[in-house]
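Down below is the structure, laid out as structure tokens.
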There are 2 protein chains.
Amino acid sequence: MNIGQAAQASGVSAKMIRHYEAMGLIPQAARAYSGYRHFLERDIHNLRFIRRARAAGFSTAQIKKLLSLWQDRQRPAREVKQLATEHLTDLKARISELELIAQALSQLVEQCHGDERQDCPILDTLAGQDDRAKKFLELHGTSHPRIRSKLPMKK
Amino acid sequence: MNIGQAAQASGVSAKMIRHYEAMGLIPQAARAYSGYRHFLERDIHNLRFIRRARAAGFSTAQIKKLLSLWQDRQRPAREVKQLATEHLTDLKARISELELIAQALSQLVEQCHGDERQDCPILDTLAGQDDRAKKFLELHGTSHPRIRSKLPMKK
DNA sequence: CTTGACTTTCCAACGATGGGAAGGTTCAGC
DNA sequence: GCTGAACCTTCCCATCGTTGGAAAGTCAAG
């Protein structure tokens, strides 16, 4: 199997297969005489595993651990559960932060009449000139309201 | 005001102030004879505006528009509201995706006994060998389950 | 005049992914 | 055997927002 077929079969793009190889997430693929990589069923399974783990939002660092745990038949389920739990905690924290933002923004959008007039509570709030959204500013204005994201981008 | 004081006063790091200037989000700062930038109250207001907008998860492209709307006293609130609404829609979509993932992962974590035994539904699911989490795979395994994130990273 | 705290610019990295160039390989059709 | 299409290779660059650092210049206090 060449890399294109492996990509097709696994759902991981050829680009990313090379990338995963380069970063050591998967072992160096065997090469044909020509230099072409070739892949076996076993590699496809690995790639599918990675695709699912990425879909679940695990970082490549976490996936590396998951893969080695997967390959180690002696591993205790405890370790896997711990890793997944940590990720889940991250996910929930991120959801909470996003929800806080969405809630505040939602409120502002509701309060904005949105017609041809010039006054707009959204801008006023961003400018710090509006007390109506004081909560929003307190929550997200002064501290570090950035949102951690381990999850990949969608186009 | 030098850049350090502007950073202090606005809550935007000096690094980012330079970056925002370089990318055209804020106008080129006035320079002292020495080459040092100096900032006025007006600039600080701009920077605070940007900080709050970033906190609300707006992209720099969106903030650029918001800033120009803010400066334009003739702008209709309609435009601001539309921009905010689009962002809110994005936020909600992202939250939904994260919640789907969290839900599925949560279920798997619950099903994993997490002791010294070797069998683990989490790994089995990632490996595609477990039907218990069929839903999860259907939702996130075959399509493009990546999560768009316009929001900045937290360290 | 020295020292330390500032500032400047430039270059690089993160993480996951995609785009594309320049060149080599394989295979089918003629 | 030759040609062209469709593959493959490596390498560089871009995204997005942010941070880090290096090398050099500036300022103010001692």
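Residues are named by chain letter and number: chains run A, B, ... in the order of the structure tokens, numbers start at 1 in each chain, and ligands are numbered from 1 in the order shown.
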Inset, instruction - Do a neighbour search on Ala30 of chain A at 10 Å with only C-alpha atoms (C1' of nucleotides), toss out local chain neighbours closer than 6 positions, and write the hits as a PyMOL selection string. - result: chain A and resi 36-40
Inset, instruction - Do a neighbour search on segment 6-14 of chain C at 10 Å with only C-alpha atoms (C1' of nucleotides), toss out local chain neighbours closer than 6 positions, and write the hits as a VMD selection string. - result: (chain B and resid 2 to 4 34 to 37) or (chain D and resid 18 to 28)
Legend entry - Distance criterion (only C-alpha atoms): nearest to chain B out of A:Ala93, A:Ala29, A:Ala61, A:Ala53: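 For chain B, the nearest of the given residues is A:Ala53.
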Legend entry - Interatomic distance, atom CA of Glu86 of chain A to atom CA of Arg48 of chain A (Å, one decimal): 22.3 Å
Inset, instruction - Can you work out the spacing between atom CA of Ile122 of chain A and atom CA of Leu105 of chain A in Å, to one decimal? - result: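 Taking atom CA of Ile122 of chain A as the start and atom CA of Leu105 of chain A as the end point, the length is 8.1 Å.
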